>>> print(open('my_file11.cif').read())   # mmCIF, C-alpha atoms (C1' of nucleotides)
data_run
loop_
_atom_site.group_PDB
_atom_site.id
_atom_site.type_symbol
_atom_site.label_atom_id
_atom_site.label_comp_id
_atom_site.auth_asym_id
_atom_site.auth_seq_id
_atom_site.Cartn_x
_atom_site.Cartn_y
_atom_site.Cartn_z
ATOM 1 C CA MET A 1 74.344 108.182 101.681
ATOM 2 C CA PRO A 2 75.751 111.674 101.194
ATOM 3 C CA ALA A 3 77.531 110.812 97.943
ATOM 4 C CA LYS A 4 81.267 110.430 98.363
ATOM 5 C CA SER A 5 82.670 113.383 100.192
ATOM 6 C CA ARG A 6 82.816 116.377 97.908
ATOM 7 C CA ARG A 7 85.810 118.673 97.899
ATOM 8 C CA SER A 8 83.763 121.854 97.596
ATOM 9 C CA VAL A 9 80.562 123.181 96.030
ATOM 10 C CA CYS A 10 82.481 124.551 93.038
ATOM 11 C CA PRO A 11 81.039 123.148 89.788
ATOM 12 C CA VAL A 12 84.528 122.821 88.326
ATOM 13 C CA ALA A 13 85.778 120.824 91.303
ATOM 14 C CA CYS A 14 82.694 118.596 91.276
ATOM 15 C CA ALA A 15 82.946 118.015 87.534
ATOM 16 C CA LEU A 16 86.592 117.050 87.980
ATOM 17 C CA ASP A 17 85.629 114.586 90.715
ATOM 18 C CA LEU A 18 83.718 112.731 87.994
ATOM 19 C CA LEU A 19 85.773 113.455 84.895
ATOM 20 C CA GLY A 20 89.213 114.443 86.136
ATOM 21 C CA ASP A 21 91.509 111.648 85.068
ATOM 22 C CA ARG A 22 93.372 110.571 81.977
ATOM 23 C CA TRP A 23 90.815 108.091 80.627
ATOM 24 C CA THR A 24 87.213 109.002 81.381
ATOM 25 C CA LEU A 25 86.842 111.736 78.776
ATOM 26 C CA LEU A 26 88.539 109.577 76.163
ATOM 27 C CA VAL A 27 85.788 107.008 76.561
ATOM 28 C CA VAL A 28 83.260 109.817 76.206
ATOM 29 C CA ARG A 29 85.064 110.990 73.072
ATOM 30 C CA ASP A 30 84.707 107.508 71.596
ATOM 31 C CA LEU A 31 81.003 107.531 72.413
ATOM 32 C CA PHE A 32 80.671 110.849 70.569
ATOM 33 C CA TRP A 33 82.354 109.188 67.622
ATOM 34 C CA GLY A 34 79.584 106.585 67.630
ATOM 35 C CA LYS A 35 81.393 103.724 69.299
ATOM 36 C CA SER A 36 79.221 101.634 71.564
ATOM 37 C CA ARG A 37 80.835 98.282 72.254
ATOM 38 C CA TYR A 38 83.533 97.301 74.723
ATOM 39 C CA GLY A 39 85.857 96.082 72.025
ATOM 40 C CA GLU A 40 85.531 99.317 70.084
ATOM 41 C CA PHE A 41 86.667 101.380 73.066
ATOM 42 C CA ALA A 42 89.495 98.968 73.730
ATOM 43 C CA ALA A 43 90.633 99.278 70.111
ATOM 44 C CA SER A 44 91.198 103.051 70.272
ATOM 45 C CA PRO A 45 94.791 104.114 69.671
ATOM 46 C CA GLU A 46 95.378 105.109 73.301
ATOM 47 C CA LYS A 47 94.969 101.459 74.339
ATOM 48 C CA ILE A 48 93.183 101.850 77.639
ATOM 49 C CA PRO A 49 93.913 98.945 80.012
ATOM 50 C CA THR A 50 90.936 96.620 80.029
ATOM 51 C CA ASN A 51 90.333 96.776 83.771
ATOM 52 C CA LEU A 52 90.256 100.571 83.641
ATOM 53 C CA LEU A 53 87.843 100.486 80.718
ATOM 54 C CA ALA A 54 85.436 98.307 82.695
ATOM 55 C CA ASP A 55 85.821 100.578 85.705
ATOM 56 C CA ARG A 56 85.265 103.786 83.736
ATOM 57 C CA LEU A 57 82.189 102.453 81.966
ATOM 58 C CA ALA A 58 80.713 101.484 85.334
ATOM 59 C CA ARG A 59 81.455 104.909 86.813
ATOM 60 C CA LEU A 60 80.032 106.728 83.821
ATOM 61 C CA GLU A 61 76.882 104.665 84.066
ATOM 62 C CA ALA A 62 76.641 105.312 87.815
ATOM 63 C CA ALA A 63 76.983 109.038 87.091
ATOM 64 C CA GLY A 64 74.149 108.947 84.568
ATOM 65 C CA ILE A 65 76.425 109.951 81.696
ATOM 66 C CA VAL A 66 76.131 106.625 79.911
ATOM 67 C CA ASP A 67 73.477 103.939 79.803
ATOM 68 C CA SER A 68 73.795 100.408 78.571
ATOM 69 C CA GLU A 69 71.309 98.336 76.666
ATOM 70 C CA ARG A 70 71.595 94.592 76.808
ATOM 71 C CA TYR A 71 71.494 93.410 73.238
ATOM 72 C CA GLN A 72 71.797 89.717 74.016
ATOM 73 C CA ASP A 73 71.787 87.366 76.978
ATOM 74 C CA HIS A 74 74.069 84.349 77.300
ATOM 75 C CA PRO A 75 76.549 85.794 77.471
ATOM 76 C CA PRO A 76 75.240 89.210 78.501
ATOM 77 C CA ARG A 77 76.444 91.853 76.062
ATOM 78 C CA HIS A 78 75.803 95.559 76.303
ATOM 79 C CA ALA A 79 75.769 98.488 73.933
ATOM 80 C CA TYR A 80 76.795 101.715 75.637
ATOM 81 C CA ARG A 81 75.312 105.065 74.713
ATOM 82 C CA LEU A 82 75.483 108.611 75.973
ATOM 83 C CA THR A 83 72.511 109.867 77.909
ATOM 84 C CA LYS A 84 71.285 113.438 77.479
ATOM 85 C CA ARG A 85 73.578 114.413 80.330
ATOM 86 C CA GLY A 86 76.436 112.715 78.545
ATOM 87 C CA ARG A 87 75.729 114.398 75.229
ATOM 88 C CA GLU A 88 75.971 117.729 76.989
ATOM 89 C CA LEU A 89 79.645 117.037 77.628
ATOM 90 C CA GLY A 90 80.157 117.998 73.968
ATOM 91 C CA PRO A 91 81.323 121.557 74.709
ATOM 92 C CA ILE A 92 83.957 120.268 77.126
ATOM 93 C CA LEU A 93 85.341 117.860 74.539
ATOM 94 C CA ARG A 94 85.287 120.539 71.870
ATOM 95 C CA ALA A 95 87.114 122.993 74.115
ATOM 96 C CA LEU A 96 89.752 120.395 74.999
ATOM 97 C CA ALA A 97 90.180 119.393 71.373
ATOM 98 C CA GLY A 98 90.477 123.001 70.228
ATOM 99 C CA TRP A 99 93.038 123.891 72.844
ATOM 100 C CA GLY A 100 95.041 120.734 72.266
ATOM 101 C CA ARG A 101 95.040 121.176 68.529
ATOM 102 C CA ARG A 102 96.247 124.770 68.787
ATOM 103 C CA HIS A 103 98.796 124.424 71.570
ATOM 104 C CA ILE A 104 100.262 120.947 71.413
ATOM 105 C CA ALA A 105 102.563 120.350 68.477
ATOM 106 C CA GLY A 106 101.939 117.244 66.424
ATOM 107 C CA THR A 107 98.279 116.732 67.299
ATOM 108 C CA ARG A 108 95.803 115.963 64.530
ATOM 109 C CA THR A 109 92.050 115.848 64.587
ATOM 110 C CA ARG A 110 90.191 112.830 63.304
ATOM 111 C CA ASP A 111 89.267 114.786 60.166
ATOM 112 C CA GLU A 112 92.861 115.737 59.478
ATOM 113 C CA VAL A 113 94.001 112.158 59.873
ATOM 114 C CA ALA A 114 91.181 110.943 57.633
ATOM 115 C CA ALA A 115 92.139 113.459 54.941
ATOM 116 C CA ALA A 116 95.690 112.112 54.816
ATOM 117 C CA MET B 1 113.849 114.571 73.348
ATOM 118 C CA PRO B 2 110.569 113.285 71.934
ATOM 119 C CA ALA B 3 108.503 114.639 74.824
ATOM 120 C CA LYS B 4 107.271 111.937 77.142
ATOM 121 C CA SER B 5 105.679 109.173 75.158
ATOM 122 C CA ARG B 6 102.360 110.344 73.840
ATOM 123 C CA ARG B 7 99.348 108.070 73.835
ATOM 124 C CA SER B 8 98.130 109.185 70.419
ATOM 125 C CA VAL B 9 98.013 112.246 68.185
ATOM 126 C CA CYS B 10 94.455 113.049 69.304
ATOM 127 C CA PRO B 11 94.270 116.598 70.678
ATOM 128 C CA VAL B 12 91.889 115.472 73.404
ATOM 129 C CA ALA B 13 94.233 112.716 74.553
ATOM 130 C CA CYS B 14 97.231 115.045 74.497
ATOM 131 C CA ALA B 15 95.382 117.760 76.391
ATOM 132 C CA LEU B 16 94.402 115.192 79.012
ATOM 133 C CA ASP B 17 98.033 114.128 79.348
ATOM 134 C CA LEU B 18 98.694 117.658 80.604
ATOM 135 C CA LEU B 19 95.438 118.525 82.333
ATOM 136 C CA GLY B 20 93.729 115.232 83.113
ATOM 137 C CA ASP B 21 93.812 114.914 86.870
ATOM 138 C CA ARG B 22 91.837 116.128 89.839
ATOM 139 C CA TRP B 23 93.956 119.177 90.701
ATOM 140 C CA THR B 24 95.618 120.839 87.720
ATOM 141 C CA LEU B 25 92.562 122.629 86.386
ATOM 142 C CA LEU B 26 91.619 123.769 89.877
ATOM 143 C CA VAL B 27 94.905 125.636 90.106
ATOM 144 C CA VAL B 28 94.162 127.148 86.700
ATOM 145 C CA ARG B 29 90.707 128.135 87.946
ATOM 146 C CA ASP B 30 92.320 129.962 90.869
ATOM 147 C CA LEU B 31 94.650 131.765 88.477
ATOM 148 C CA PHE B 32 91.628 132.882 86.454
ATOM 149 C CA TRP B 33 90.186 134.224 89.674
ATOM 150 C CA GLY B 34 93.285 136.372 90.066
ATOM 151 C CA LYS B 35 95.154 134.353 92.637
ATOM 152 C CA SER B 36 98.893 134.391 92.197
ATOM 153 C CA ARG B 37 100.643 133.317 95.391
ATOM 154 C CA TYR B 38 101.287 129.845 96.777
ATOM 155 C CA GLY B 39 99.356 130.524 99.941
ATOM 156 C CA GLU B 40 96.332 131.707 97.999
ATOM 157 C CA PHE B 41 96.105 128.451 96.047
ATOM 158 C CA ALA B 42 96.633 126.450 99.215
ATOM 159 C CA ALA B 43 93.782 128.350 100.890
ATOM 160 C CA SER B 44 91.153 127.327 98.324
ATOM 161 C CA PRO B 45 88.296 125.292 99.751
ATOM 162 C CA GLU B 46 89.414 122.059 98.069
ATOM 163 C CA LYS B 47 92.573 122.059 100.224
ATOM 164 C CA ILE B 48 95.103 120.713 97.770
ATOM 165 C CA PRO B 49 97.969 118.885 99.534
ATOM 166 C CA THR B 50 100.988 121.148 99.597
ATOM 167 C CA ASN B 51 103.342 118.773 97.798
ATOM 168 C CA LEU B 52 100.834 118.370 94.967
ATOM 169 C CA LEU B 53 100.440 122.129 94.701
ATOM 170 C CA ALA B 54 104.202 122.552 94.275
ATOM 171 C CA ASP B 55 104.240 119.731 91.717
ATOM 172 C CA ARG B 56 101.332 121.129 89.708
ATOM 173 C CA LEU B 57 102.750 124.629 89.593
ATOM 174 C CA ALA B 58 106.034 123.217 88.308
ATOM 175 C CA ARG B 59 104.281 121.144 85.646
ATOM 176 C CA LEU B 60 102.105 124.034 84.532
ATOM 177 C CA GLU B 61 105.193 126.185 84.208
ATOM 178 C CA ALA B 62 107.017 123.465 82.268
ATOM 179 C CA ALA B 63 104.018 123.243 79.929
ATOM 180 C CA GLY B 64 104.086 126.988 79.291
ATOM 181 C CA ILE B 65 100.652 127.499 80.818
ATOM 182 C CA VAL B 66 101.953 129.487 83.767
ATOM 183 C CA ASP B 67 104.981 131.660 84.319
ATOM 184 C CA SER B 68 106.418 132.878 87.581
ATOM 185 C CA GLU B 69 107.957 136.200 88.399
ATOM 186 C CA ARG B 70 110.334 136.415 91.320
ATOM 187 C CA TYR B 71 109.138 139.297 93.425
ATOM 188 C CA GLN B 72 111.808 138.994 96.094
ATOM 189 C CA ASP B 73 115.039 137.116 96.784
ATOM 190 C CA HIS B 74 116.034 135.725 100.191
ATOM 191 C CA PRO B 75 113.892 133.823 100.431
ATOM 192 C CA PRO B 76 112.927 133.483 96.775
ATOM 193 C CA ARG B 77 109.231 134.191 96.323
ATOM 194 C CA HIS B 78 107.270 133.926 93.120
ATOM 195 C CA ALA B 79 104.049 135.302 91.775
ATOM 196 C CA TYR B 80 102.381 132.927 89.331
ATOM 197 C CA ARG B 81 100.448 134.120 86.322
ATOM 198 C CA LEU B 82 98.764 132.559 83.313
ATOM 199 C CA THR B 83 100.568 132.870 80.009
ATOM 200 C CA LYS B 84 98.629 133.485 76.795
ATOM 201 C CA ARG B 85 98.441 129.732 76.346
ATOM 202 C CA GLY B 86 97.080 129.442 79.850
ATOM 203 C CA ARG B 87 94.464 132.128 79.371
ATOM 204 C CA GLU B 88 93.173 130.193 76.387
ATOM 205 C CA LEU B 89 92.118 127.427 78.752
ATOM 206 C CA GLY B 90 89.165 129.685 79.602
ATOM 207 C CA PRO B 91 86.681 127.888 77.352
ATOM 208 C CA ILE B 92 87.541 124.544 78.952
ATOM 209 C CA LEU B 93 86.945 125.919 82.449
ATOM 210 C CA ARG B 94 83.725 127.566 81.360
ATOM 211 C CA ALA B 95 82.459 124.361 79.766
ATOM 212 C CA LEU B 96 83.319 122.339 82.874
ATOM 213 C CA ALA B 97 81.706 124.919 85.137
ATOM 214 C CA GLY B 98 78.560 125.079 83.013
ATOM 215 C CA TRP B 99 78.142 121.331 82.871
ATOM 216 C CA GLY B 100 78.867 120.904 86.568
ATOM 217 C CA ARG B 101 76.480 123.641 87.550
ATOM 218 C CA ARG B 102 73.665 122.160 85.452
ATOM 219 C CA HIS B 103 74.161 118.477 86.174
ATOM 220 C CA ILE B 104 75.594 118.117 89.661
ATOM 221 C CA ALA B 105 73.157 118.906 92.437
ATOM 222 C CA GLY B 106 74.333 121.268 95.124
ATOM 223 C CA THR B 107 77.008 123.065 93.136
ATOM 224 C CA ARG B 108 77.202 126.851 93.303
ATOM 225 C CA THR B 109 79.224 129.261 91.245
ATOM 226 C CA ARG B 110 81.418 131.838 92.899
ATOM 227 C CA ASP B 111 78.858 134.520 92.026
ATOM 228 C CA GLU B 112 76.014 132.555 93.584
ATOM 229 C CA VAL B 113 78.001 131.999 96.745
ATOM 230 C CA ALA B 114 78.962 135.677 96.847
ATOM 231 C CA ALA B 115 75.310 136.721 96.481
ATOM 232 C CA ALA B 116 74.325 134.679 99.520
ATOM 233 C "C1'" DG C 1 116.063 136.529 120.762
ATOM 234 C "C1'" DC C 2 111.457 134.548 120.354
ATOM 235 C "C1'" DT C 3 107.215 133.789 117.773
ATOM 236 C "C1'" DG C 4 104.895 133.309 113.695
ATOM 237 C "C1'" DA C 5 103.886 133.342 108.768
ATOM 238 C "C1'" DG C 6 104.892 131.982 103.943
ATOM 239 C "C1'" DA C 7 106.588 128.721 100.758
ATOM 240 C "C1'" DC C 8 108.122 124.716 100.053
ATOM 241 C "C1'" DT C 9 110.463 119.768 100.877
ATOM 242 C "C1'" DT C 10 110.691 115.136 102.826
ATOM 243 C "C1'" DG C 11 109.063 110.741 104.434
ATOM 244 C "C1'" DC C 12 105.726 107.415 104.578
ATOM 245 C "C1'" DT C 13 101.232 105.022 103.948
ATOM 246 C "C1'" DT C 14 97.264 104.323 100.984
ATOM 247 C "C1'" DT C 15 95.115 104.319 96.621
ATOM 248 C "C1'" DT C 16 95.155 104.090 91.716
ATOM 249 C "C1'" DT C 17 97.369 102.639 87.439
ATOM 250 C "C1'" DG C 18 99.015 99.666 84.179
ATOM 251 C "C1'" DC C 19 100.190 95.223 82.526
ATOM 252 C "C1'" DA C 20 99.589 90.278 82.037
ATOM 253 C "C1'" DA C 21 97.015 86.360 82.473
ATOM 254 C "C1'" DG C 22 92.734 83.920 83.338
ATOM 255 C "C1'" DT C 23 87.548 83.118 82.707
ATOM 256 C "C1'" DT C 24 83.108 82.397 80.418
ATOM 257 C "C1'" DA C 25 80.190 81.711 76.684
ATOM 258 C "C1'" DA C 26 79.017 82.006 72.148
ATOM 259 C "C1'" DT C 27 80.656 81.540 67.028
ATOM 260 C "C1'" DT C 28 83.329 80.258 63.171
ATOM 261 C "C1'" DG C 29 86.241 76.903 60.410
ATOM 262 C "C1'" DC C 30 86.824 72.546 58.812
ATOM 263 C "C1'" DG D 1 80.826 68.040 66.147
ATOM 264 C "C1'" DC D 2 84.894 69.706 67.885
ATOM 265 C "C1'" DA D 3 88.946 72.681 68.193
ATOM 266 C "C1'" DA D 4 90.130 77.486 67.564
ATOM 267 C "C1'" DT D 5 88.732 82.174 67.893
ATOM 268 C "C1'" DT D 6 86.394 86.198 69.529
ATOM 269 C "C1'" DA D 7 84.049 89.363 72.862
ATOM 270 C "C1'" DA D 8 83.751 91.058 77.254
ATOM 271 C "C1'" DC D 9 85.247 91.027 81.347
ATOM 272 C "C1'" DT D 10 87.814 89.662 86.040
ATOM 273 C "C1'" DT D 11 91.858 88.841 88.888
ATOM 274 C "C1'" DG D 12 96.559 89.406 90.636
ATOM 275 C "C1'" DC D 13 100.405 92.008 91.284
ATOM 276 C "C1'" DA D 14 104.177 95.510 90.756
ATOM 277 C "C1'" DA D 15 104.878 100.392 90.042
ATOM 278 C "C1'" DA D 16 103.392 105.075 90.217
ATOM 279 C "C1'" DA D 17 100.788 108.767 92.135
ATOM 280 C "C1'" DA D 18 98.051 110.723 95.829
ATOM 281 C "C1'" DG D 19 97.412 112.217 100.394
ATOM 282 C "C1'" DC D 20 98.839 113.293 105.030
ATOM 283 C "C1'" DA D 21 101.933 114.923 108.582
ATOM 284 C "C1'" DA D 22 106.030 116.883 109.884
ATOM 285 C "C1'" DG D 23 110.232 119.403 108.980
ATOM 286 C "C1'" DT D 24 113.058 123.271 106.925
ATOM 287 C "C1'" DC D 25 114.376 127.906 105.754
ATOM 288 C "C1'" DT D 26 114.048 132.852 105.745
ATOM 289 C "C1'" DC D 27 112.390 137.017 106.985
ATOM 290 C "C1'" DA D 28 109.059 140.323 109.832
ATOM 291 C "C1'" DG D 29 107.337 141.943 114.036
ATOM 292 C "C1'" DC D 30 107.631 142.456 118.894
#
>>> encode(input="my_file11.cif", output="structure tokens")
Amino acid sequence: MPAKSRRSVCPVACALDLLGDRWTLLVVRDLFWGKSRYGEFAASPEKIPTNLLADRLARLEAAGIVDSERYQDHPPRHAYRLTKRGRELGPILRALAGWGRRHIAGTRTRDEVAAA
Amino acid sequence: MPAKSRRSVCPVACALDLLGDRWTLLVVRDLFWGKSRYGEFAASPEKIPTNLLADRLARLEAAGIVDSERYQDHPPRHAYRLTKRGRELGPILRALAGWGRRHIAGTRTRDEVAAA
DNA sequence: GCTGAGACTTGCTTTTTGCAAGTTAATTGC
DNA sequence: GCAATTAACTTGCAAAAAGCAAGTCTCAGC
């Protein structure tokens, strides 16, 4: 199958086809912070709806950004981790965080919140 | 007014509230490429629906990322340009473009397409 | 005065979101 | 050893956003 129809060959457009929504990069942020379990993502302050969390984890895995290791059967439980490809999203997160911190009033980084 | 309810104080989350969709950053990309008129954005290969283009330009202007200069009355016509705040989105676009180019098969930068 | 282009706006259908509730299978408390 | 709790999802549905086509408005050229 020719992947799902692509809008153009532009790397920005193609990256946004994978990452361009309000939740996907927040899950990736949590993974960068060391979270790995479903409940940890769900507990983040943004309170992602549980069906969207399941959907986003599946899409990220399908895109090769995340992989999951089954750490028990019955019931099946997975630990999610960034792949190499996923870890390379770091610069995007950093750029977003830097811009947000500088241009949106009232935002605080994790470090700033921890220091308070 | 307390802005529209914010999901958290995280700069990444707040940036995604403004920029986290499939089209907004593509319009910003076009602005970085020097485009300034409605028809130029509409002509990009991704073919943004015209009502979404009007909506995104209005939101970007409301967010202080873009400003518009009226270059004629009757009918009113505007040229759109990035503000300082908008120009500082450069690192985000570059990070997205770099990741997309390296990790999504078949993508080509503008320079690569131009060289062909 | 007729045609066409540019910049939007409107209406409507489809898709995605967001919320609540339900399910399944351990695990903990008593 | 049995009810209550917890973790990780799944399902159903209403509301919002996206996507598409068509319409409007104004001026420019012929």
>>> closest_residue(input="my_file11.cif", among="B:Ile65, B:Val113, B:Ala54, B:Ala15", to="chain A", atoms="all atoms listed in the file")
B:Ala15
>>> resolve_selection(input="my_file11.cif", expression="the PyMOL selection byres ((chain A) within 8 of (chain D))", output="PyMOL selection string")
chain A and resi 38-39+51+54+77
>>> write_last_selection(input="my_file11.cif", atoms="C-alpha atoms", output="mmCIF file, in the frame of the given file")
data_model
loop_
_atom_site.group_PDB
_atom_site.id
_atom_site.type_symbol
_atom_site.label_atom_id
_atom_site.label_comp_id
_atom_site.auth_asym_id
_atom_site.auth_seq_id
_atom_site.Cartn_x
_atom_site.Cartn_y
_atom_site.Cartn_z
ATOM 1 C CA TYR A 38 83.533 97.301 74.723
ATOM 2 C CA GLY A 39 85.857 96.082 72.025
ATOM 3 C CA ASN A 51 90.333 96.776 83.771
ATOM 4 C CA ALA A 54 85.436 98.307 82.695
ATOM 5 C CA ARG A 77 76.444 91.853 76.062
#
>>> calpha_fit_and_write(input="my_file11.cif", fixed="chain A", moving="chain B", output="compact mmCIF listing (two decimals) with C-alpha atoms, keeping the file's coordinate frame")
# COMPACT_ATOMS: atom_id res chain seq x y z
CA MET B 1 73.97 108.70 101.44
CA PRO B 2 75.67 112.06 101.05
CA ALA B 3 77.47 111.07 97.85
CA LYS B 4 81.16 110.51 98.35
CA SER B 5 82.65 113.41 100.21
CA ARG B 6 82.83 116.39 97.93
CA ARG B 7 85.84 118.67 97.93
CA SER B 8 83.81 121.86 97.62
CA VAL B 9 80.62 123.18 96.07
CA CYS B 10 82.53 124.55 93.07
CA PRO B 11 81.08 123.16 89.83
CA VAL B 12 84.56 122.83 88.36
CA ALA B 13 85.81 120.82 91.33
CA CYS B 14 82.74 118.59 91.30
CA ALA B 15 82.97 118.01 87.56
CA LEU B 16 86.62 117.04 87.99
CA ASP B 17 85.66 114.57 90.72
CA LEU B 18 83.73 112.72 88.01
CA LEU B 19 85.79 113.43 84.91
CA GLY B 20 89.24 114.41 86.13
CA ASP B 21 91.52 111.60 85.08
CA ARG B 22 93.40 110.50 82.00
CA TRP B 23 90.82 108.06 80.62
CA THR B 24 87.22 108.97 81.38
CA LEU B 25 86.85 111.71 78.79
CA LEU B 26 88.55 109.56 76.17
CA VAL B 27 85.79 107.00 76.56
CA VAL B 28 83.26 109.81 76.22
CA ARG B 29 85.07 111.00 73.09
CA ASP B 30 84.71 107.51 71.60
CA LEU B 31 81.00 107.54 72.42
CA PHE B 32 80.67 110.86 70.60
CA TRP B 33 82.34 109.21 67.64
CA GLY B 34 79.58 106.60 67.65
CA LYS B 35 81.40 103.75 69.30
CA SER B 36 79.23 101.64 71.54
CA ARG B 37 80.84 98.26 72.19
CA TYR B 38 83.56 97.28 74.65
CA GLY B 39 85.87 96.08 71.93
CA GLU B 40 85.55 99.34 70.03
CA PHE B 41 86.69 101.39 73.03
CA ALA B 42 89.51 98.96 73.69
CA ALA B 43 90.66 99.30 70.07
CA SER B 44 91.21 103.07 70.26
CA PRO B 45 94.80 104.14 69.66
CA GLU B 46 95.39 105.12 73.29
CA LYS B 47 95.00 101.45 74.31
CA ILE B 48 93.21 101.82 77.61
CA PRO B 49 93.94 98.89 79.97
CA THR B 50 90.97 96.57 79.96
CA ASN B 51 90.31 96.70 83.70
CA LEU B 52 90.26 100.51 83.59
CA LEU B 53 87.85 100.44 80.66
CA ALA B 54 85.43 98.26 82.62
CA ASP B 55 85.81 100.53 85.65
CA ARG B 56 85.24 103.73 83.68
CA LEU B 57 82.18 102.41 81.92
CA ALA B 58 80.71 101.43 85.28
CA ARG B 59 81.45 104.84 86.78
CA LEU B 60 80.04 106.69 83.79
CA GLU B 61 76.89 104.63 84.05
CA ALA B 62 76.65 105.26 87.79
CA ALA B 63 77.00 108.99 87.10
CA GLY B 64 74.16 108.91 84.57
CA ILE B 65 76.43 109.93 81.71
CA VAL B 66 76.13 106.61 79.91
CA ASP B 67 73.49 103.93 79.81
CA SER B 68 73.80 100.39 78.55
CA GLU B 69 71.31 98.32 76.66
CA ARG B 70 71.61 94.56 76.80
CA TYR B 71 71.52 93.38 73.23
CA GLN B 72 71.86 89.69 74.02
CA ASP B 73 71.84 87.33 77.00
CA HIS B 74 74.16 84.33 77.38
CA PRO B 75 76.62 85.80 77.51
CA PRO B 76 75.27 89.21 78.51
CA ARG B 77 76.43 91.85 76.06
CA HIS B 78 75.80 95.56 76.29
CA ALA B 79 75.78 98.47 73.92
CA TYR B 80 76.80 101.71 75.62
CA ARG B 81 75.31 105.05 74.71
CA LEU B 82 75.49 108.60 75.99
CA THR B 83 72.51 109.85 77.95
CA LYS B 84 71.29 113.43 77.53
CA ARG B 85 73.58 114.40 80.38
CA GLY B 86 76.43 112.71 78.59
CA ARG B 87 75.74 114.41 75.28
CA GLU B 88 75.98 117.74 77.05
CA LEU B 89 79.65 117.04 77.68
CA GLY B 90 80.15 118.02 74.03
CA PRO B 91 81.32 121.56 74.76
CA ILE B 92 83.96 120.27 77.17
CA LEU B 93 85.34 117.85 74.57
CA ARG B 94 85.28 120.54 71.91
CA ALA B 95 87.12 122.99 74.15
CA LEU B 96 89.75 120.39 75.04
CA ALA B 97 90.16 119.40 71.40
CA GLY B 98 90.46 123.01 70.26
CA TRP B 99 93.04 123.90 72.87
CA GLY B 100 95.03 120.73 72.28
CA ARG B 101 95.01 121.17 68.55
CA ARG B 102 96.22 124.77 68.81
CA HIS B 103 98.78 124.42 71.58
CA ILE B 104 100.25 120.93 71.42
CA ALA B 105 102.53 120.34 68.47
CA GLY B 106 101.91 117.24 66.42
CA THR B 107 98.26 116.74 67.29
CA ARG B 108 95.78 115.97 64.52
CA THR B 109 92.02 115.85 64.60
CA ARG B 110 90.16 112.84 63.33
CA ASP B 111 89.22 114.79 60.19
CA GLU B 112 92.82 115.74 59.50
CA VAL B 113 93.95 112.17 59.91
CA ALA B 114 91.12 110.96 57.68
CA ALA B 115 92.09 113.47 54.97
CA ALA B 116 95.63 112.12 54.86
>>> residues_around(input="my_file11.cif", residues="range 92-104 of chain A", least_positions_apart="4", cutoff="9 Å", atoms="only C-alpha atoms (C1' of nucleotides)", output="list of chain:residue names")
A:Leu25, A:Val28, A:Arg29, A:Glu88, A:Arg108, A:Thr109, B:Cys10, B:Pro11, B:Val12, B:Ala13, B:Cys14, B:Ala15, B:Leu16, B:Arg85, B:Glu88, B:Leu89, B:Gly90, B:Pro91, B:Ile92, B:Leu93, B:Arg94, B:Ala95, B:Leu96, B:Trp99
>>> atom_distance(input="my_file11.cif", atom1="CA of Pro45 in chain B", atom2="C1' of DC12 in chain C")
25.4 Å
>>> atom_distance(input="my_file11.cif", atom1="C1' of DT23 in chain C", atom2="CA of Ser68 in chain A")
22.5 Å
>>> resolve_selection(input="my_file11.cif", expression="the PyMOL selection byres ((chain B) within 12 of (chain C))", output="list in words")
Asp21, Arg37, Tyr38, Gly39, Glu40, Phe41, Ala42, Pro49, Thr50, Asn51, Leu52, Leu53, Ala54, Asp55, Leu57, His74, Pro75, Pro76, Arg77, His78 and Ala79 of chain B
>>> closest_residue(input="my_file11.cif", among="A:Asp67, A:Arg56, A:Asp111, A:Gly106", to="chain B", atoms="all atoms listed in the file")
A:Gly106
>>> closest_residue(input="my_file11.cif", among="A:Ser44, A:Ser8, A:Thr24, A:Thr83", to="chain B", atoms="only C-alpha atoms")
A:Ser8
>>> closest_residue(input="my_file11.cif", among="A:Arg59, A:Arg70, A:Lys47, A:Lys35", to="chain B", atoms="all atoms listed in the file")
A:Lys47
>>> atom_distance(input="my_file11.cif", atom1="CA of Trp23 in chain A", atom2="CA of Ala63 in chain A")
15.3 Å
>>> closest_residue(input="my_file11.cif", among="B:Arg81, B:Leu31, B:Ala58, B:Gly86", to="chain A", atoms="all atoms listed in the file")
B:Gly86
>>> closest_residue(input="my_file11.cif", among="B:Glu46, B:Glu69, B:Glu61, B:Asp30", to="chain A", atoms="only C-alpha atoms")
B:Glu46
>>> decode(input="my_file11.cif", residues="range 8-22 of chain D", atoms="C-alpha atoms (C1' of nucleotides)", output="short mmCIF file (atom, residue, chain, number, x, y, z; two decimals), in the first residue's frame")
data_model
loop_
_atom_site.label_atom_id
_atom_site.label_comp_id
_atom_site.auth_asym_id
_atom_site.auth_seq_id
_atom_site.Cartn_x
_atom_site.Cartn_y
_atom_site.Cartn_z
"C1'" DA D 8 -5.09 -0.60 30.86
"C1'" DC D 9 -7.99 -0.34 27.62
"C1'" DT D 10 -12.66 -0.35 24.67
"C1'" DT D 11 -17.18 1.39 23.39
"C1'" DG D 12 -20.86 4.75 22.59
"C1'" DC D 13 -22.29 9.12 21.65
"C1'" DA D 14 -22.62 14.27 21.32
"C1'" DA D 15 -19.97 18.25 19.91
"C1'" DA D 16 -16.36 20.40 17.36
"C1'" DA D 17 -13.34 20.75 13.50
"C1'" DA D 18 -12.04 19.48 8.84
"C1'" DG D 19 -12.83 19.21 4.07
"C1'" DC D 20 -15.30 20.08 -0.15
"C1'" DA D 21 -18.09 22.71 -3.33
"C1'" DA D 22 -20.36 26.69 -4.50
#
